[in-house]
Amino acid sequence: MYRSENWFGRRDVDGFLHRAWVRTEGFTNEVFQGRPVIGISNSWSELTNCNAHLRLVAEAVKRGVWQAGGFPLEFPTMSLGEALMKPTAMLYRNLMAMDVEETIRANPIDGVVMLAGCDKTVPANLMGAASVNVPALMITGGPMLNGHWRNREVGVTDCWRINEELRAGRMSEEEVQEVESCVGRSAGHCMVMGTASTMACMVEALGMTLPGAAAIPAVDSRRYQAAETAGRQIVELVKANIRPSDVMTRKAFENAIRVLHAISGSTNAVIHLIAIAGRIGVDLPLSVFDDLSRDTPWLVNLKPAGQFMMEDFFYAGGLPAMMNEISHLLHLDALTVSGKTVRENIAKAEVVNREVIAAGSSPFRADGGLVVLRGNICPNGAILKQAAATDRLLQHEGRAVVFENFEELHRLVDDPELDIDENSVMVLKNAGPKGGPGMPEWGHLPIPKKLLARGVSDVVRISDARMSGTAYGTAILHISPESAVGGPLAAARTGDRIELDVKNRRLTLKVEDREIARRLEQWRPQAPRYSRGYGQMFLNHVMQAEDGCDFDFLRGQSAVETVAQTYG
């Protein structure tokens, strides 16, 4: 019996009202008879440009559900867009996950197709679906088409360089406005291997979407064909009772981590994968990410680490072709929502452009794009995207230039009197889960104007913040414990020496332990940013980066069954 029968199959007053209320929408009783109810979780919003086309995607899903004998019912969720939401969409990821979970739990839904685009909507949906554990799959919105400006392709990653060129006086306001008008020329999420593209790839690597769906451009007709197919497939998953816990196993997460390194994906995926795993009951420590990085080759030549963009990746064969290149490293027997194993999904996939996807035997580098660092300044870990860093800075020692918070950074960074040079290590505090709050994407600290004018393009930057997946540079992120809870980062002072040693995975504040302890004894927390509402809940319950920044009370699953439904 389908779960929705508890609503529509009842022969009492509750069943009468349930059926009557849906009939007010113009449906007949026949849609309730023997059909699974398929929810379509839609994060469409005009406030989230990446998701603004998802209404059309939902219509395609509905076609497939009807074709397979299901009853589709679309429902809205929160919609998180990193570009517009302040201080960060990450502050609201857990709230959206609660929205998705509770909406599914409270309603007559047998299975759900989740529609997501901008990066936080993807993990939020997966976290909610993992917690409630009804049959589910996802269709991501797809990347924008490549931008074009003055006979060259441009993408979101170029925005960082363009801003630096403007600050250095090498580009005019008029030129910047030209790029602004054409950097994104269609619906969809960022077209580089930023967090949205990375998370779309993670969904496919986890087995939670159809093979090949991650990289299809948003406006390509094949995106809508995939959505229609997903509508048919979710009905099959309901009939077979295949749930997220059957797909998102430890093997699936290890596959996703391998893919993350091979595509040189966003550092943000580390936090999101840990959070999703925590909801499904899979232990996923940071050490696994580093262990799997050491022998996973980097194969995908996409910005910000490489040259091309997602549209090119799709034409080159997409994720199935890339996964086939590292098939010897994957758990090929892992089940996916296609109803087939990873082995079956990727067996016939071929790379058609070796400039974009390298051969497994001839990678762009022999190890993965991300590394995990530890040391006295980050005892619980920190993350560096080495593939997007400057090679000469991967072994570096320099004098710290410390900014106590984001406001101080922006007040002082372009001060010509700032005591900084190209060998310095920029340090930002109070930008983590509690300090930001919400761990904003402030980790790509702007290079001081005086250094830009001298042609300096990168310096070592350290923070407890995140960084946009579209950004680049030698930025050490997610330092844990964060400074706002009294982590060792709080003890760093301007003038201290800091050593980065990527080969040995070390990040060291070169200050004696006794002095660090003395400074931390004098440390006092900043006043909380929120005193009520969701903000206060966030500050009271958010965990640190190595735990995925989820809420402590949301780890693990809970039963999907609802209490008896009665009307009072």
# chains A, B, ... in the order shown; residues from 1 in each chain; ligands from 1
>>> residues_around(residues="Lys450 of chain A", least_positions_apart="5", cutoff="12 Å", atoms="only C-alpha atoms", output="PyMOL selection string")
chain A and resi 164+167-169+412-422+455-457
>>> write_last_selection(atoms="N, CA, C and O atoms", output="PDB file, in the first residue's frame")
ATOM      1  N   GLU A 164      39.479  42.838  -9.840  1.00  0.00           N
ATOM      2  CA  GLU A 164      40.843  43.223  -9.487  1.00  0.00           C
ATOM      3  C   GLU A 164      41.440  44.165 -10.532  1.00  0.00           C
ATOM      4  O   GLU A 164      42.166  45.114 -10.195  1.00  0.00           O
ATOM      5  N   ARG A 167      39.950  47.567  -9.829  1.00  0.00           N
ATOM      6  CA  ARG A 167      40.554  48.187  -8.648  1.00  0.00           C
ATOM      7  C   ARG A 167      41.979  48.664  -8.932  1.00  0.00           C
ATOM      8  O   ARG A 167      42.438  49.651  -8.376  1.00  0.00           O
ATOM      9  N   ALA A 168      42.661  47.922  -9.814  1.00  0.00           N
ATOM     10  CA  ALA A 168      44.040  48.297 -10.157  1.00  0.00           C
ATOM     11  C   ALA A 168      44.092  49.390 -11.211  1.00  0.00           C
ATOM     12  O   ALA A 168      45.180  49.882 -11.547  1.00  0.00           O
ATOM     13  N   GLY A 169      42.938  49.755 -11.775  1.00  0.00           N
ATOM     14  CA  GLY A 169      42.886  50.807 -12.785  1.00  0.00           C
ATOM     15  C   GLY A 169      43.219  50.359 -14.185  1.00  0.00           C
ATOM     16  O   GLY A 169      43.462  51.181 -15.074  1.00  0.00           O
ATOM     17  N   LEU A 412      40.367  48.356   5.633  1.00  0.00           N
ATOM     18  CA  LEU A 412      41.807  48.534   5.592  1.00  0.00           C
ATOM     19  C   LEU A 412      42.497  47.985   4.348  1.00  0.00           C
ATOM     20  O   LEU A 412      43.642  48.359   4.080  1.00  0.00           O
ATOM     21  N   VAL A 413      41.813  47.101   3.589  1.00  0.00           N
ATOM     22  CA  VAL A 413      42.527  46.355   2.556  1.00  0.00           C
ATOM     23  C   VAL A 413      43.129  47.250   1.481  1.00  0.00           C
ATOM     24  O   VAL A 413      44.197  46.929   0.924  1.00  0.00           O
ATOM     25  N   ASP A 414      42.519  48.367   1.185  1.00  0.00           N
ATOM     26  CA  ASP A 414      43.061  49.257   0.159  1.00  0.00           C
ATOM     27  C   ASP A 414      43.735  50.501   0.740  1.00  0.00           C
ATOM     28  O   ASP A 414      44.046  51.447   0.004  1.00  0.00           O
ATOM     29  N   ASP A 415      43.979  50.480   2.031  1.00  0.00           N
ATOM     30  CA  ASP A 415      44.700  51.581   2.669  1.00  0.00           C
ATOM     31  C   ASP A 415      46.156  51.544   2.215  1.00  0.00           C
ATOM     32  O   ASP A 415      46.848  50.542   2.415  1.00  0.00           O
ATOM     33  N   PRO A 416      46.655  52.591   1.599  1.00  0.00           N
ATOM     34  CA  PRO A 416      48.040  52.571   1.123  1.00  0.00           C
ATOM     35  C   PRO A 416      49.054  52.420   2.247  1.00  0.00           C
ATOM     36  O   PRO A 416      50.206  52.047   1.998  1.00  0.00           O
ATOM     37  N   GLU A 417      48.646  52.663   3.484  1.00  0.00           N
ATOM     38  CA  GLU A 417      49.549  52.532   4.625  1.00  0.00           C
ATOM     39  C   GLU A 417      49.542  51.117   5.216  1.00  0.00           C
ATOM     40  O   GLU A 417      50.280  50.840   6.172  1.00  0.00           O
ATOM     41  N   LEU A 418      48.708  50.229   4.675  1.00  0.00           N
ATOM     42  CA  LEU A 418      48.666  48.864   5.194  1.00  0.00           C
ATOM     43  C   LEU A 418      50.043  48.217   5.051  1.00  0.00           C
ATOM     44  O   LEU A 418      50.628  48.196   3.970  1.00  0.00           O
ATOM     45  N   ASP A 419      50.544  47.650   6.143  1.00  0.00           N
ATOM     46  CA  ASP A 419      51.882  47.046   6.163  1.00  0.00           C
ATOM     47  C   ASP A 419      51.785  45.606   5.654  1.00  0.00           C
ATOM     48  O   ASP A 419      51.575  44.665   6.423  1.00  0.00           O
ATOM     49  N   ILE A 420      51.926  45.436   4.351  1.00  0.00           N
ATOM     50  CA  ILE A 420      51.762  44.125   3.724  1.00  0.00           C
ATOM     51  C   ILE A 420      52.595  44.065   2.462  1.00  0.00           C
ATOM     52  O   ILE A 420      52.794  45.087   1.790  1.00  0.00           O
ATOM     53  N   ASP A 421      53.118  42.874   2.141  1.00  0.00           N
ATOM     54  CA  ASP A 421      53.795  42.657   0.869  1.00  0.00           C
ATOM     55  C   ASP A 421      53.387  41.300   0.325  1.00  0.00           C
ATOM     56  O   ASP A 421      52.566  40.585   0.928  1.00  0.00           O
ATOM     57  N   GLU A 422      53.958  40.909  -0.817  1.00  0.00           N
ATOM     58  CA  GLU A 422      53.548  39.685  -1.499  1.00  0.00           C
ATOM     59  C   GLU A 422      53.895  38.419  -0.727  1.00  0.00           C
ATOM     60  O   GLU A 422      53.369  37.335  -1.025  1.00  0.00           O
ATOM     61  N   GLY A 455      51.383  44.255  -9.643  1.00  0.00           N
ATOM     62  CA  GLY A 455      51.281  43.041 -10.432  1.00  0.00           C
ATOM     63  C   GLY A 455      51.169  41.768  -9.624  1.00  0.00           C
ATOM     64  O   GLY A 455      51.243  40.673 -10.188  1.00  0.00           O
ATOM     65  N   VAL A 456      50.974  41.873  -8.315  1.00  0.00           N
ATOM     66  CA  VAL A 456      50.807  40.690  -7.475  1.00  0.00           C
ATOM     67  C   VAL A 456      49.411  40.115  -7.713  1.00  0.00           C
ATOM     68  O   VAL A 456      48.413  40.820  -7.585  1.00  0.00           O
ATOM     69  N   SER A 457      49.346  38.839  -8.047  1.00  0.00           N
ATOM     70  CA  SER A 457      48.061  38.220  -8.382  1.00  0.00           C
ATOM     71  C   SER A 457      47.578  37.227  -7.335  1.00  0.00           C
ATOM     72  O   SER A 457      46.432  36.779  -7.385  1.00  0.00           O
TER      73      SER A 457
END
>>> select_by_dssp(residues="segment 174-388 of chain A", states="alpha helix (DSSP H)", output="ChimeraX atom specification")
/A:174-182,195-206,221-240,244-247,250-262,268-280,286-293,310-315,318-325,342-346
>>> closest_residue(among="A:Pro481, A:Gly317, A:Pro211, A:Gly469", to="Val156 of chain A", atoms="only C-alpha atoms")
A:Gly469
>>> residues_around(residues="segment 79-86 of chain A", least_positions_apart="4", cutoff="9 Å", atoms="only C-alpha atoms", output="PyMOL selection string")
chain A and resi 42-45+47-51+90-93+96+116-121+440-441
>>> write_last_selection(atoms="N, CA, C and O atoms", output="mmCIF file, in the first residue's frame")
data_model
loop_
_atom_site.group_PDB
_atom_site.id
_atom_site.type_symbol
_atom_site.label_atom_id
_atom_site.label_comp_id
_atom_site.auth_asym_id
_atom_site.auth_seq_id
_atom_site.Cartn_x
_atom_site.Cartn_y
_atom_site.Cartn_z
ATOM 1 N N ASN A 42 9.945 22.195 -5.555
ATOM 2 C CA ASN A 42 10.413 23.184 -6.522
ATOM 3 C C ASN A 42 10.950 24.429 -5.812
ATOM 4 O O ASN A 42 10.226 25.146 -5.138
ATOM 5 N N SER A 43 12.255 24.682 -6.003
ATOM 6 C CA SER A 43 12.891 25.863 -5.412
ATOM 7 C C SER A 43 12.919 27.035 -6.390
ATOM 8 O O SER A 43 13.787 27.913 -6.282
ATOM 9 N N TRP A 44 11.967 27.070 -7.308
ATOM 10 C CA TRP A 44 11.830 28.198 -8.233
ATOM 11 C C TRP A 44 11.666 29.507 -7.450
ATOM 12 O O TRP A 44 10.980 29.581 -6.439
ATOM 13 N N SER A 45 12.308 30.541 -7.943
ATOM 14 C CA SER A 45 12.121 31.878 -7.372
ATOM 15 C C SER A 45 12.733 32.901 -8.310
ATOM 16 O O SER A 45 13.783 32.650 -8.913
ATOM 17 N N LEU A 47 13.894 35.517 -7.084
ATOM 18 C CA LEU A 47 14.979 36.029 -6.266
ATOM 19 C C LEU A 47 16.241 35.163 -6.399
ATOM 20 O O LEU A 47 17.291 35.523 -5.882
ATOM 21 N N THR A 48 16.098 34.030 -7.061
ATOM 22 C CA THR A 48 17.224 33.117 -7.276
ATOM 23 C C THR A 48 17.330 32.882 -8.773
ATOM 24 O O THR A 48 16.674 31.999 -9.324
ATOM 25 N N ASN A 49 18.135 33.700 -9.432
ATOM 26 C CA ASN A 49 18.165 33.652 -10.899
ATOM 27 C C ASN A 49 18.526 32.272 -11.418
ATOM 28 O O ASN A 49 18.031 31.840 -12.461
ATOM 29 N N CYS A 50 19.352 31.535 -10.701
ATOM 30 C CA CYS A 50 19.755 30.194 -11.150
ATOM 31 C C CYS A 50 18.564 29.244 -11.226
ATOM 32 O O CYS A 50 18.614 28.249 -11.941
ATOM 33 N N ASN A 51 17.524 29.526 -10.463
ATOM 34 C CA ASN A 51 16.373 28.625 -10.359
ATOM 35 C C ASN A 51 15.133 29.167 -11.066
ATOM 36 O O ASN A 51 14.057 28.580 -10.959
ATOM 37 N N MET A 90 24.177 30.254 2.932
ATOM 38 C CA MET A 90 24.529 29.134 3.802
ATOM 39 C C MET A 90 23.861 29.243 5.165
ATOM 40 O O MET A 90 23.600 28.234 5.822
ATOM 41 N N LEU A 91 23.568 30.449 5.593
ATOM 42 C CA LEU A 91 22.870 30.653 6.856
ATOM 43 C C LEU A 91 21.510 29.959 6.846
ATOM 44 O O LEU A 91 21.005 29.544 7.894
ATOM 45 N N TYR A 92 20.927 29.809 5.654
ATOM 46 C CA TYR A 92 19.561 29.297 5.539
ATOM 47 C C TYR A 92 19.477 27.893 4.942
ATOM 48 O O TYR A 92 18.386 27.374 4.761
ATOM 49 N N ARG A 93 20.625 27.284 4.645
ATOM 50 C CA ARG A 93 20.588 25.915 4.090
ATOM 51 C C ARG A 93 19.847 24.965 5.012
ATOM 52 O O ARG A 93 19.012 24.158 4.568
ATOM 53 N N MET A 96 16.091 25.501 4.950
ATOM 54 C CA MET A 96 15.471 24.923 3.758
ATOM 55 C C MET A 96 15.388 23.402 3.871
ATOM 56 O O MET A 96 14.393 22.793 3.465
ATOM 57 N N ALA A 116 16.412 21.742 -8.091
ATOM 58 C CA ALA A 116 17.334 22.644 -7.421
ATOM 59 C C ALA A 116 18.331 23.180 -8.427
ATOM 60 O O ALA A 116 18.604 22.553 -9.454
ATOM 61 N N GLY A 117 18.872 24.366 -8.129
ATOM 62 C CA GLY A 117 19.846 24.957 -9.037
ATOM 63 C C GLY A 117 20.984 25.593 -8.274
ATOM 64 O O GLY A 117 22.051 25.012 -8.127
ATOM 65 N N CYS A 118 20.755 26.807 -7.747
ATOM 66 C CA CYS A 118 21.819 27.493 -7.017
ATOM 67 C C CYS A 118 22.280 26.613 -5.858
ATOM 68 O O CYS A 118 21.480 25.928 -5.224
ATOM 69 N N ASP A 119 23.567 26.674 -5.551
ATOM 70 C CA ASP A 119 24.237 25.575 -4.865
ATOM 71 C C ASP A 119 23.605 25.116 -3.555
ATOM 72 O O ASP A 119 23.513 23.916 -3.309
ATOM 73 N N LYS A 120 23.155 25.995 -2.662
ATOM 74 C CA LYS A 120 22.642 25.550 -1.367
ATOM 75 C C LYS A 120 21.303 24.832 -1.485
ATOM 76 O O LYS A 120 20.935 24.064 -0.590
ATOM 77 N N THR A 121 20.558 25.083 -2.574
ATOM 78 C CA THR A 121 19.285 24.372 -2.738
ATOM 79 C C THR A 121 19.504 22.888 -2.989
ATOM 80 O O THR A 121 18.639 22.075 -2.692
ATOM 81 N N PRO A 440 30.033 32.819 5.697
ATOM 82 C CA PRO A 440 29.904 33.419 4.358
ATOM 83 C C PRO A 440 31.108 33.119 3.460
ATOM 84 O O PRO A 440 32.160 32.674 3.934
ATOM 85 N N GLU A 441 30.948 33.418 2.196
ATOM 86 C CA GLU A 441 32.007 33.167 1.213
ATOM 87 C C GLU A 441 32.970 34.358 1.183
ATOM 88 O O GLU A 441 33.134 35.034 0.169
#
>>> closest_residue(among="A:Val219, A:Met309, A:Ala321, A:Val288", to="Val371 of chain A", atoms="only C-alpha atoms")
A:Val288
>>> closest_residue(among="A:Thr229, A:Thr296, A:Thr24, A:Gln536", to="Gly438 of chain A", atoms="only C-alpha atoms")
A:Gln536
